[in-house]
>>> print(open('my_file_37.txt').read())   # compact mmCIF, C-alpha atoms
# COMPACT_ATOMS: atom_id res chain seq x y z
CA MET A 1 -7.80 37.02 1.36
CA SER A 2 -6.62 37.62 4.91
CA ILE A 3 -6.42 35.99 8.32
CA THR A 4 -8.56 38.12 10.62
CA ASP A 5 -7.94 36.06 13.77
CA ALA A 6 -5.70 33.17 14.83
CA THR A 7 -6.13 31.45 18.19
CA ALA A 8 -4.90 28.26 19.83
CA THR A 9 -7.65 26.35 21.63
CA ASP A 10 -7.72 22.77 22.94
CA GLY A 11 -4.55 21.84 21.03
CA ALA A 12 -5.90 23.16 17.71
CA LEU A 13 -5.20 26.26 15.65
CA ARG A 14 -8.36 28.17 14.72
CA LEU A 15 -8.18 30.64 11.85
CA LYS A 16 -10.82 33.12 10.75
CA VAL A 17 -10.23 33.95 7.10
CA LYS A 18 -11.83 36.68 5.00
CA THR A 19 -12.05 35.91 1.27
CA LEU A 20 -13.35 37.36 -1.98
CA ASN A 21 -13.73 35.54 -5.33
CA ILE A 22 -12.25 32.30 -3.95
CA ASP A 23 -13.98 28.91 -4.02
CA ARG A 24 -11.30 26.72 -2.40
CA LEU A 25 -8.80 27.42 0.35
CA ASP A 26 -5.72 25.30 1.07
CA VAL A 27 -4.06 25.81 4.46
CA TYR A 28 -0.42 25.06 5.21
CA VAL A 29 0.85 25.21 8.79
CA ASP A 30 4.62 25.44 9.33
CA GLN A 31 5.08 24.61 5.61
CA ARG A 32 2.99 21.41 5.76
CA PRO A 33 -0.41 20.93 4.08
CA ARG A 34 -3.08 20.61 6.77
CA ALA A 35 -6.50 21.51 5.34
CA SER A 36 -8.40 22.13 2.13
CA ILE A 37 -11.93 23.50 2.19
CA ASP A 38 -14.52 24.57 -0.34
CA LEU A 39 -16.06 27.94 0.43
CA ALA A 40 -18.07 30.88 -0.78
CA ASP A 41 -17.09 34.54 -0.57
CA GLY A 42 -17.08 35.98 2.88
CA GLN A 43 -15.59 34.50 6.00
CA ALA A 44 -14.40 30.97 6.69
CA ASP A 45 -13.48 29.37 10.00
CA VAL A 46 -10.76 26.74 9.72
CA THR A 47 -9.71 24.46 12.59
CA VAL A 48 -6.40 22.61 12.29
CA PRO A 49 -6.08 19.90 14.98
CA GLY A 50 -2.70 19.46 16.66
CA ALA A 51 -1.37 22.82 15.45
CA ALA A 52 -1.75 25.02 18.56
CA THR A 53 1.99 25.79 18.61
CA ALA A 54 2.22 26.66 14.90
CA ARG A 55 4.57 29.46 13.95
CA SER A 56 3.25 30.24 10.47
CA ALA A 57 0.23 29.72 8.26
CA ARG A 58 0.11 29.95 4.47
CA LEU A 59 -3.19 30.26 2.67
CA GLU A 60 -3.63 29.48 -1.00
CA GLY A 61 -6.88 30.61 -2.58
CA PHE A 62 -8.28 29.07 -5.75
CA ALA A 63 -11.02 30.09 -8.17
CA SER A 64 -12.23 27.45 -10.64
CA GLY A 65 -9.13 25.34 -9.89
CA ARG A 66 -6.67 28.16 -10.55
CA LEU A 67 -4.42 29.65 -7.85
CA VAL A 68 -5.44 33.30 -7.50
CA ALA A 69 -4.06 34.29 -4.07
CA SER A 70 -1.34 33.24 -1.67
CA ARG A 71 -0.50 34.70 1.72
CA THR A 72 1.85 33.68 4.55
CA GLU A 73 1.48 35.02 8.07
CA GLN A 74 3.70 34.58 11.11
CA LEU A 75 1.58 33.50 14.06
CA GLN A 76 3.99 33.91 17.00
>>> encode(input="my_file_37.txt", output="structure tokens")
Amino acid sequence: MSITDATATDGALRLKVKTLNIDRLDVYVDQRPRASIDLADGQADVTVPGAATARSARLEGFASGRLVASRTEQLQ
């Protein structure tokens, strides 16, 4: 699991995330929960409204309800 691109557009943070063997992705921005999406292997695009000035993003990846990956990236 990795963030392949992070951009701020129209007041939102847009993340492109590459995943493998993950069926749910939880997104934390500046240590606050902001999104949870179901997904299939491959690439996911996540838009977090009101987070254009975010300093960090943490991704938690789950498979069958079990945490299998966690990653924090500094954005600025």
>>> residues_around(input="my_file_37.txt", residues="Arg55 of chain A", least_positions_apart="2", cutoff="12 Å", atoms="only C-alpha atoms", output="list in words")
Ala6, Thr7, Ala8, Leu13, Tyr28, Val29, Asp30, Gln31, Arg32, Ala51, Ala52, Thr53, Ala57, Arg58, Thr72, Glu73, Gln74, Leu75 and Gln76 of chain A
>>> closest_residue(input="my_file_37.txt", among="A:Glu60, A:Ile3, A:Val17, A:Arg66", to="Ser36 of chain A", atoms="only C-alpha atoms")
A:Glu60
>>> residues_around(input="my_file_37.txt", residues="Leu67 of chain A", least_positions_apart="6", cutoff="12 Å", atoms="all atoms listed in the file", output="ChimeraX atom specification")
/A:21-26,59-61
>>> closest_residue(input="my_file_37.txt", among="A:Met1, A:Arg34, A:Thr47, A:Gly11", to="Phe62 of chain A", atoms="all atoms listed in the file")
A:Met1
>>> closest_residue(input="my_file_37.txt", among="A:Pro33, A:Gly65, A:Gly50, A:Gly42", to="Arg14 of chain A", atoms="all atoms listed in the file")
A:Gly50
>>> atom_distance(input="my_file_37.txt", atom1="atom CA of Asp10 of chain A", atom2="atom CA of Asp41 of chain A")
27.9 Å
>>> residues_near_point(input="my_file_37.txt", point="(-14.1, 32.5, 5.3)", cutoff="7 Å", atoms="all atoms listed in the file", output="MDAnalysis selection string")
chainID A and resid 16:19 39 41:45
>>> atom_distance(input="my_file_37.txt", atom1="atom CA of Val68 of chain A", atom2="atom CA of Ala54 of chain A")
24.6 Å
>>> atom_distance(input="my_file_37.txt", atom1="atom CA of Ser70 of chain A", atom2="atom CA of Val27 of chain A")
10.0 Å
>>> closest_residue(input="my_file_37.txt", among="A:Thr4, A:Ala69, A:Ser64, A:Ala35", to="Val48 of chain A", atoms="only C-alpha atoms")
A:Ala35
>>> decode(input="my_file_37.txt", residues="segment 19-53 of chain A", atoms="N, CA, C and O atoms", output="mmCIF file, in the first residue's frame")
data_model
loop_
_atom_site.group_PDB
_atom_site.id
_atom_site.type_symbol
_atom_site.label_atom_id
_atom_site.label_comp_id
_atom_site.auth_asym_id
_atom_site.auth_seq_id
_atom_site.Cartn_x
_atom_site.Cartn_y
_atom_site.Cartn_z
ATOM 1 N N THR A 19 -2.783 -0.354 -3.931
ATOM 2 C CA THR A 19 -2.994 -1.379 -2.908
ATOM 3 C C THR A 19 -2.856 -2.782 -3.485
ATOM 4 O O THR A 19 -2.947 -2.986 -4.690
ATOM 5 N N LEU A 20 -2.676 -3.727 -2.588
ATOM 6 C CA LEU A 20 -2.625 -5.140 -2.945
ATOM 7 C C LEU A 20 -3.155 -5.940 -1.759
ATOM 8 O O LEU A 20 -2.720 -5.719 -0.620
ATOM 9 N N ASN A 21 -4.113 -6.825 -2.008
ATOM 10 C CA ASN A 21 -4.696 -7.686 -0.963
ATOM 11 C C ASN A 21 -5.364 -6.903 0.156
ATOM 12 O O ASN A 21 -5.313 -7.305 1.317
ATOM 13 N N ILE A 22 -5.997 -5.786 -0.180
ATOM 14 C CA ILE A 22 -6.705 -4.956 0.786
ATOM 15 C C ILE A 22 -8.123 -4.736 0.268
ATOM 16 O O ILE A 22 -8.314 -4.440 -0.907
ATOM 17 N N ASP A 23 -9.124 -4.885 1.170
ATOM 18 C CA ASP A 23 -10.504 -4.679 0.734
ATOM 19 C C ASP A 23 -11.173 -3.461 1.372
ATOM 20 O O ASP A 23 -12.273 -3.084 0.998
ATOM 21 N N ARG A 24 -10.511 -2.841 2.357
ATOM 22 C CA ARG A 24 -11.012 -1.591 2.936
ATOM 23 C C ARG A 24 -9.835 -0.699 3.286
ATOM 24 O O ARG A 24 -8.800 -1.172 3.748
ATOM 25 N N LEU A 25 -10.019 0.591 3.058
ATOM 26 C CA LEU A 25 -8.969 1.565 3.338
ATOM 27 C C LEU A 25 -9.555 2.659 4.219
ATOM 28 O O LEU A 25 -10.575 3.258 3.881
ATOM 29 N N ASP A 26 -8.932 2.885 5.385
ATOM 30 C CA ASP A 26 -9.304 3.995 6.253
ATOM 31 C C ASP A 26 -8.243 5.073 6.111
ATOM 32 O O ASP A 26 -7.047 4.769 6.110
ATOM 33 N N VAL A 27 -8.686 6.328 5.999
ATOM 34 C CA VAL A 27 -7.772 7.448 5.767
ATOM 35 C C VAL A 27 -7.876 8.430 6.928
ATOM 36 O O VAL A 27 -8.975 8.883 7.277
ATOM 37 N N TYR A 28 -6.739 8.732 7.517
ATOM 38 C CA TYR A 28 -6.637 9.717 8.592
ATOM 39 C C TYR A 28 -5.821 10.883 8.054
ATOM 40 O O TYR A 28 -4.761 10.684 7.453
ATOM 41 N N VAL A 29 -6.303 12.103 8.282
ATOM 42 C CA VAL A 29 -5.586 13.293 7.845
ATOM 43 C C VAL A 29 -5.287 14.120 9.081
ATOM 44 O O VAL A 29 -6.201 14.449 9.852
ATOM 45 N N ASP A 30 -3.998 14.418 9.283
ATOM 46 C CA ASP A 30 -3.558 15.134 10.489
ATOM 47 C C ASP A 30 -4.118 14.474 11.747
ATOM 48 O O ASP A 30 -4.656 15.116 12.630
ATOM 49 N N GLN A 31 -3.999 13.167 11.828
ATOM 50 C CA GLN A 31 -4.391 12.300 12.940
ATOM 51 C C GLN A 31 -5.889 12.234 13.204
ATOM 52 O O GLN A 31 -6.324 11.792 14.264
ATOM 53 N N ARG A 32 -6.713 12.649 12.253
ATOM 54 C CA ARG A 32 -8.168 12.577 12.422
ATOM 55 C C ARG A 32 -8.772 11.677 11.346
ATOM 56 O O ARG A 32 -8.384 11.765 10.185
ATOM 57 N N PRO A 33 -9.724 10.808 11.714
ATOM 58 C CA PRO A 33 -10.352 9.947 10.703
ATOM 59 C C PRO A 33 -11.180 10.787 9.731
ATOM 60 O O PRO A 33 -11.954 11.641 10.145
ATOM 61 N N ARG A 34 -10.967 10.563 8.432
ATOM 62 C CA ARG A 34 -11.660 11.385 7.437
ATOM 63 C C ARG A 34 -12.369 10.589 6.355
ATOM 64 O O ARG A 34 -13.272 11.104 5.716
ATOM 65 N N ALA A 35 -11.966 9.334 6.118
ATOM 66 C CA ALA A 35 -12.619 8.563 5.058
ATOM 67 C C ALA A 35 -12.407 7.071 5.299
ATOM 68 O O ALA A 35 -11.409 6.661 5.891
ATOM 69 N N SER A 36 -13.373 6.291 4.825
ATOM 70 C CA SER A 36 -13.264 4.837 4.832
ATOM 71 C C SER A 36 -13.929 4.356 3.554
ATOM 72 O O SER A 36 -15.084 4.702 3.290
ATOM 73 N N ILE A 37 -13.175 3.605 2.756
ATOM 74 C CA ILE A 37 -13.725 3.144 1.484
ATOM 75 C C ILE A 37 -13.466 1.655 1.287
ATOM 76 O O ILE A 37 -12.454 1.129 1.731
ATOM 77 N N ASP A 38 -14.418 1.006 0.642
ATOM 78 C CA ASP A 38 -14.242 -0.381 0.217
ATOM 79 C C ASP A 38 -13.555 -0.340 -1.138
ATOM 80 O O ASP A 38 -13.839 0.538 -1.959
ATOM 81 N N LEU A 39 -12.663 -1.292 -1.386
ATOM 82 C CA LEU A 39 -11.944 -1.292 -2.653
ATOM 83 C C LEU A 39 -11.488 -2.669 -3.040
ATOM 84 O O LEU A 39 -11.553 -3.606 -2.255
ATOM 85 N N ALA A 40 -11.033 -2.765 -4.267
ATOM 86 C CA ALA A 40 -10.430 -3.989 -4.796
ATOM 87 C C ALA A 40 -8.951 -3.684 -5.034
ATOM 88 O O ALA A 40 -8.540 -2.529 -5.017
ATOM 89 N N ASP A 41 -8.168 -4.708 -5.233
ATOM 90 C CA ASP A 41 -6.741 -4.510 -5.504
ATOM 91 C C ASP A 41 -6.540 -3.560 -6.675
ATOM 92 O O ASP A 41 -7.323 -3.527 -7.616
ATOM 93 N N GLY A 42 -5.496 -2.811 -6.595
ATOM 94 C CA GLY A 42 -5.173 -1.906 -7.688
ATOM 95 C C GLY A 42 -4.967 -0.505 -7.178
ATOM 96 O O GLY A 42 -4.243 -0.287 -6.226
ATOM 97 N N GLN A 43 -5.648 0.434 -7.798
ATOM 98 C CA GLN A 43 -5.485 1.833 -7.425
ATOM 99 C C GLN A 43 -6.814 2.419 -6.983
ATOM 100 O O GLN A 43 -7.851 2.140 -7.571
ATOM 101 N N ALA A 44 -6.763 3.236 -5.945
ATOM 102 C CA ALA A 44 -7.954 3.928 -5.455
ATOM 103 C C ALA A 44 -7.672 5.424 -5.454
ATOM 104 O O ALA A 44 -6.557 5.859 -5.170
ATOM 105 N N ASP A 45 -8.698 6.199 -5.782
ATOM 106 C CA ASP A 45 -8.627 7.649 -5.689
ATOM 107 C C ASP A 45 -9.515 8.068 -4.526
ATOM 108 O O ASP A 45 -10.697 7.710 -4.492
ATOM 109 N N VAL A 46 -8.938 8.801 -3.580
ATOM 110 C CA VAL A 46 -9.666 9.227 -2.393
ATOM 111 C C VAL A 46 -9.641 10.750 -2.340
ATOM 112 O O VAL A 46 -8.574 11.359 -2.426
ATOM 113 N N THR A 47 -10.814 11.363 -2.199
ATOM 114 C CA THR A 47 -10.909 12.810 -2.059
ATOM 115 C C THR A 47 -11.398 13.123 -0.653
ATOM 116 O O THR A 47 -12.429 12.609 -0.214
ATOM 117 N N VAL A 48 -10.640 13.961 0.054
ATOM 118 C CA VAL A 48 -10.992 14.358 1.417
ATOM 119 C C VAL A 48 -11.314 15.850 1.407
ATOM 120 O O VAL A 48 -10.407 16.683 1.322
ATOM 121 N N PRO A 49 -12.593 16.221 1.461
ATOM 122 C CA PRO A 49 -12.971 17.635 1.421
ATOM 123 C C PRO A 49 -12.414 18.404 2.622
ATOM 124 O O PRO A 49 -12.292 17.862 3.727
ATOM 125 N N GLY A 50 -12.067 19.657 2.402
ATOM 126 C CA GLY A 50 -11.610 20.525 3.481
ATOM 127 C C GLY A 50 -10.246 20.183 4.040
ATOM 128 O O GLY A 50 -9.907 20.596 5.143
ATOM 129 N N ALA A 51 -9.445 19.427 3.309
ATOM 130 C CA ALA A 51 -8.143 18.987 3.827
ATOM 131 C C ALA A 51 -6.978 19.425 2.941
ATOM 132 O O ALA A 51 -5.910 18.823 2.976
ATOM 133 N N ALA A 52 -7.164 20.480 2.158
ATOM 134 C CA ALA A 52 -6.124 20.912 1.215
ATOM 135 C C ALA A 52 -4.821 21.304 1.903
ATOM 136 O O ALA A 52 -3.754 21.201 1.321
ATOM 137 N N THR A 53 -4.883 21.734 3.157
ATOM 138 C CA THR A 53 -3.669 22.157 3.864
ATOM 139 C C THR A 53 -3.122 21.076 4.793
ATOM 140 O O THR A 53 -2.296 21.353 5.661
#
